[in-house]
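Colleague: Here it is: the structure, laid out below.
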Amino acid sequence: MNKSIRKAVFPVAGLGTRFLPATKSIPKEMLTVVDRPILQHVVDEAHEAGIEHCVFVTGRNKAVIEDHFDTAYELEDVLLKRGKTQERQALLADLPKPGSMSFTRQQAPLGLGHAVWCARDIIGDEPFAVVLPDMLTMACGPKKERCLAQCVAAYEKHGGNIIAVEEVPPAETHKYGVVSVGKTYGDTFEITGMVEKPPQGSAPSNLIISGRYILSPEIFPILEKVAKGAGGEIQLTDAMKALAARQAFHGVRFDGSTYDCGSRLGFLGANVAFALANPDVAGEFRALLKSLVGKL
Ligand code: G1P
């Protein structure tokens with residue numbers, strides 16, 4: 001039987017330069033999509049997928065992330081005294097279990113592979129998930145699973161390593177990691193190759209690595225030695241490619257929508273989509289959106 005996936009790594013050390021000046025003093029992961037920080041949305045997705053322990057690989061000026069997942073004593077006290085029960089309950093409901101979050105720092109921006117490697121001691125010798133907070137996923141219906149849960153389901157079936165993928169227009173593939181497709185079983189397929197940020201026109205498919213992974217711990221010794229790749233950075237994709245020489249990798253086509261909040265357009269799209277799916281604001285927001293669209 002496959003070992004269960006209990007831990008997830010969230011690389012959150014990036015500077016967020018595309019969102020300056022908003023990210024001058026606020027980590028990009030703390031920008032809000034409707035009423036929750038981006039990072040809270042992806043932690044919710046991880047918890048839904050059965051993750052018990054979240055490992056954040058942070059950097060300088062990211063301390064507010066740790067505060068976000070801690071008790072806010074003064075705030076809770078004021079809400080209690082003012083009778084704001086609903087708001088207080090909402091805060092308490094998001095509070096993680098004691099001891100279920102770890103924080104470690106990536107001291108230099110050496111790449112995603114290096115960030116994941118920084119979590120090696122906290123993960124230990126068990127398979128784990130990697131969740132890239134830039135990519136916000138939304139299930140295709142209220143009862144459907146988000147992306148990481150679909151990856152865990154594929155892992156339970158196939159074992160080995162799993163990568164979520166998403167179709168993009170061919171002109172976009174050079175911005176991402178791209179996989180080659182082998183034998184296909186419904187939404188899942190064998191990955192026969194991968195390449196990080198292929199030059200335009202050279203991608204093996206239009207299926208990009210979309211920010212959710214299940215990896216075996218054998219990735220860590222590879223990450224320690226892997227040479228710098230695309231952009232002069234230590235790339236997770238290069239290490240996975242090396243691991244694929246001896247372990248199976250399956251791709252999962254996510255049945256839902258993904259918004260790349262690493263770009264301003266993706267972030268704006270996420271806000272519109274999540275607002276339309278949020279019962280508190282959807283009705284009024286739809287009317288507002290219609291009136292705005294009418295003016296175009
Ligand atoms: C990283 C990965 C890439 C993946 C992308 C998804 O790239 O290296 O394979 O497709 O995330 O967002 P980055 O966005 O850090 O350049």
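Letters for chains follow the order of the structure tokens (A, B, ...), residue numbers begin at 1 for each chain, and ligand numbers begin at 1 in the order shown.
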With a cut-off of 7 Å, could you pull out the residues of chain A touching ligand 1 and give me the nearest pair of atoms for each, distance in Å to one decimal, using only C-alpha atoms and all ligand atoms, ordered by chain and ascending number, as a Markdown table?
Modeller:
| residue | atom | partner | partner_atom_place_in_ligand_line | distance |
| --- | --- | --- | --- | --- |
| A:Leu112 | CA | ligand 1 | 15 (O) | 6.1 |
| A:Leu132 | CA | ligand 1 | 12 (O) | 6.8 |
| A:Asp134 | CA | ligand 1 | 12 (O) | 6.3 |
| A:Met135 | CA | ligand 1 | 12 (O) | 6.0 |
| A:Lys175 | CA | ligand 1 | 16 (O) | 6.7 |
| A:Tyr176 | CA | ligand 1 | 10 (O) | 3.6 |
| A:Gly177 | CA | ligand 1 | 9 (O) | 3.3 |
| A:Val178 | CA | ligand 1 | 10 (O) | 6.7 |
| A:Glu196 | CA | ligand 1 | 9 (O) | 5.6 |
| A:Ile208 | CA | ligand 1 | 10 (O) | 5.5 |
| A:Ile209 | CA | ligand 1 | 10 (O) | 4.1 |
| A:Ser210 | CA | ligand 1 | 6 (C) | 4.7 |
| A:Gly211 | CA | ligand 1 | 6 (C) | 4.8 |
| A:Gln235 | CA | ligand 1 | 8 (O) | 6.0 |
| A:Leu236 | CA | ligand 1 | 8 (O) | 6.1 |
| A:Thr237 | CA | ligand 1 | 9 (O) | 5.8 |
| A:Asp260 | CA | ligand 1 | 12 (O) | 6.6 |
Colleague: As number ranges by chain, please: every residue in range 86-269 of chain A that DSSP puts in strand (DSSP E).
Modeller: A: 101-105, 128-131, 135-139, 161-167, 177-185, 188-196, 207-215, 249-253, 256-260
Colleague: What does the distance between CA of Met101 in chain A and CA of Val55 in chain A come to in Å, to one decimal place?
Modeller: 5.9 Å
Colleague: Could you produce a table of the residues of range 84-142 of chain A lying within 9 Å of range 8-18 of chain A, with the nearest pair of atoms per residue and their separation in Å rounded to one decimal, using only C-alpha atoms, ordered by chain and increasing residue number, as JSON lines?
Modeller:
{"residue": "A:Arg105", "atom": "CA", "partner": "A:Ala13", "partner_atom": "CA", "distance": 7.6}
{"residue": "A:Gln106", "atom": "CA", "partner": "A:Ala13", "partner_atom": "CA", "distance": 6.6}
{"residue": "A:Gln107", "atom": "CA", "partner": "A:Ala13", "partner_atom": "CA", "distance": 8.7}
{"residue": "A:Ala108", "atom": "CA", "partner": "A:Ala13", "partner_atom": "CA", "distance": 8.9}
{"residue": "A:Pro109", "atom": "CA", "partner": "A:Gly14", "partner_atom": "CA", "distance": 7.4}
{"residue": "A:Leu112", "atom": "CA", "partner": "A:Pro11", "partner_atom": "CA", "distance": 7.3}
{"residue": "A:Ala115", "atom": "CA", "partner": "A:Pro11", "partner_atom": "CA", "distance": 6.1}
{"residue": "A:Val116", "atom": "CA", "partner": "A:Pro11", "partner_atom": "CA", "distance": 6.8}
{"residue": "A:Ala119", "atom": "CA", "partner": "A:Val9", "partner_atom": "CA", "distance": 7.0}
{"residue": "A:Ile123", "atom": "CA", "partner": "A:Ala8", "partner_atom": "CA", "distance": 8.2}
{"residue": "A:Phe128", "atom": "CA", "partner": "A:Ala8", "partner_atom": "CA", "distance": 5.6}
{"residue": "A:Ala129", "atom": "CA", "partner": "A:Ala8", "partner_atom": "CA", "distance": 4.4}
{"residue": "A:Val130", "atom": "CA", "partner": "A:Val9", "partner_atom": "CA", "distance": 4.8}
{"residue": "A:Val131", "atom": "CA", "partner": "A:Phe10", "partner_atom": "CA", "distance": 5.2}
{"residue": "A:Leu132", "atom": "CA", "partner": "A:Phe10", "partner_atom": "CA", "distance": 6.0}
{"residue": "A:Pro133", "atom": "CA", "partner": "A:Phe10", "partner_atom": "CA", "distance": 6.8}
Colleague: Selected residues, N, CA and C atoms, written as a CSV table (one decimal), in the first residue's frame, please.
Modeller:
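Below you can see again.csv, which holds the result:
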chain,number,residue,atom,x,y,z
A,105,ARG,N,13.6,28.8,6.3
A,105,ARG,CA,13.9,29.9,5.3
A,105,ARG,C,14.9,29.5,4.2
A,106,GLN,N,14.6,30.0,3.0
A,106,GLN,CA,15.5,29.9,1.9
A,106,GLN,C,16.3,31.2,2.0
A,107,GLN,N,17.6,31.0,2.2
A,107,GLN,CA,18.4,32.3,2.4
A,107,GLN,C,18.7,33.0,1.2
A,108,ALA,N,18.7,32.4,0.0
A,108,ALA,CA,19.0,33.1,-1.2
A,108,ALA,C,18.1,32.5,-2.3
A,109,PRO,N,17.7,33.4,-3.3
A,109,PRO,CA,16.7,33.0,-4.3
A,109,PRO,C,17.4,32.1,-5.4
A,112,LEU,N,13.3,27.2,-7.5
A,112,LEU,CA,12.2,26.4,-6.9
A,112,LEU,C,12.8,25.0,-6.3
A,115,ALA,N,14.4,25.7,-3.1
A,115,ALA,CA,13.4,26.0,-2.1
A,115,ALA,C,12.8,24.7,-1.5
A,116,VAL,N,12.5,23.7,-2.4
A,116,VAL,CA,11.9,22.4,-2.0
A,116,VAL,C,13.0,21.7,-1.1
A,119,ALA,N,13.3,22.1,2.6
A,119,ALA,CA,12.3,21.5,3.5
A,119,ALA,C,12.6,20.1,3.8
A,123,ILE,N,10.4,17.3,6.1
A,123,ILE,CA,9.7,16.3,5.4
A,123,ILE,C,10.1,14.9,5.8
A,128,PHE,N,5.6,13.4,-0.2
A,128,PHE,CA,5.0,14.6,0.2
A,128,PHE,C,4.4,15.4,-1.0
A,129,ALA,N,3.7,16.4,-0.7
A,129,ALA,CA,3.1,17.3,-1.8
A,129,ALA,C,3.9,18.6,-1.9
A,130,VAL,N,3.9,19.1,-3.0
A,130,VAL,CA,4.4,20.5,-3.2
A,130,VAL,C,3.3,21.3,-3.8
A,131,VAL,N,3.0,22.5,-3.2
A,131,VAL,CA,1.9,23.3,-3.6
A,131,VAL,C,2.5,24.7,-3.9
A,132,LEU,N,2.4,25.2,-5.2
A,132,LEU,CA,2.9,26.5,-5.5
A,132,LEU,C,1.7,27.5,-5.4
A,133,PRO,N,1.9,28.4,-4.4
A,133,PRO,CA,0.7,29.3,-4.1
A,133,PRO,C,0.4,30.2,-5.2
Colleague: Among range 106-207 of chain A, which ones does DSSP place in alpha helix (DSSP H), written as a list in words?
Modeller: Leu112, Gly113, His114, Ala115, Val116, Trp117, Arg120, Asp121, Ile122, Ile123, Cys147, Leu148, Ala149, Gln150, Cys151, Val152, Ala153, Ala154, Tyr155, Glu156, Lys157 and His158 of chain A
Colleague: Which residues of range 220-288 of chain A sit at most 12 Å from range 26-47 of chain A, using only C-alpha atoms? Give each one's shortest atom pair and distance in Å (one decimal place), in chain and ascending residue order, as a Markdown table.
Modeller:
| residue | atom | partner | partner_atom | distance |
| --- | --- | --- | --- | --- |
| A:Thr258 | CA | A:Val42 | CA | 11.6 |
| A:Tyr259 | CA | A:Ile38 | CA | 10.9 |
| A:Asp260 | CA | A:Ile38 | CA | 11.0 |
| A:Cys261 | CA | A:Ile38 | CA | 8.3 |
| A:Gly262 | CA | A:Lys28 | CA | 8.5 |
| A:Ser263 | CA | A:Lys28 | CA | 10.8 |
| A:Arg264 | CA | A:Lys28 | CA | 11.1 |
| A:Gly266 | CA | A:Val33 | CA | 11.0 |
| A:Phe267 | CA | A:Val33 | CA | 7.7 |
| A:Leu268 | CA | A:Val33 | CA | 8.5 |
| A:Gly269 | CA | A:Val33 | CA | 9.7 |
| A:Ala270 | CA | A:Val33 | CA | 6.7 |
| A:Asn271 | CA | A:Val33 | CA | 5.0 |
| A:Val272 | CA | A:Val34 | CA | 8.3 |
| A:Ala273 | CA | A:Val34 | CA | 9.4 |
| A:Phe274 | CA | A:Val34 | CA | 6.7 |
| A:Ala275 | CA | A:Val34 | CA | 5.9 |
| A:Leu276 | CA | A:Val34 | CA | 9.7 |
| A:Ala277 | CA | A:Val34 | CA | 10.1 |
| A:Asn278 | CA | A:Val34 | CA | 8.4 |
| A:Pro279 | CA | A:Val34 | CA | 11.5 |
| A:Asp280 | CA | A:Val34 | CA | 10.3 |
| A:Val281 | CA | A:Val34 | CA | 8.9 |
| A:Ala282 | CA | A:Val34 | CA | 10.5 |
| A:Phe285 | CA | A:Val34 | CA | 10.8 |
Colleague: Tell me, as a list of chain:residue names, which residues lie within 6 Å of Pro127 in chain A, counting only C-alpha atoms; anything in the same chain fewer than 5 positions away does not count.
Modeller: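 Result of the neighbour search: A:Leu215, A:Ser216, A:Pro217.
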Colleague: Write the residues of the selection above to a file with C-alpha atoms, as a CSV table (one decimal), in the first residue's frame.
Modeller:
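Written output follows (again_4.csv):
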chain,number,residue,atom,x,y,z
A,215,LEU,CA,7.0,13.5,-4.9
A,216,SER,CA,8.9,10.7,-3.3
A,217,PRO,CA,11.7,11.7,-0.8
Colleague: Give the answer as one residue: which of A:Lys197, A:Gly256, A:Arg82, A:His250 has the shortest atom-to-atom distance to Ala153 in chain A, using only C-alpha atoms?
Modeller: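 Ranking A:Lys197, A:Gly256, A:Arg82, A:His250 by distance to Ala153 in chain A, first place goes to A:His250.
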Colleague: Can you measure CA of Gly231 in chain A to CA of Leu243 in chain A for me? One decimal in Å is fine.
Modeller: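 CA of Leu243 in chain A lies 21.0 Å from CA of Gly231 in chain A.
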Colleague: For Ser257 in chain A, which residue among A:Thr85, A:Thr137, A:Ser4, A:Ser180 is the nearest when counting only C-alpha atoms?
Modeller: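 With only C-alpha atoms as the atom set, the closest residue is A:Thr137.
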Colleague: For Ile163 in chain A, which residue among A:Phe56, A:Gly186, A:Lys241, A:Gln86 is the nearest when counting only C-alpha atoms?
Modeller: A:Lys241
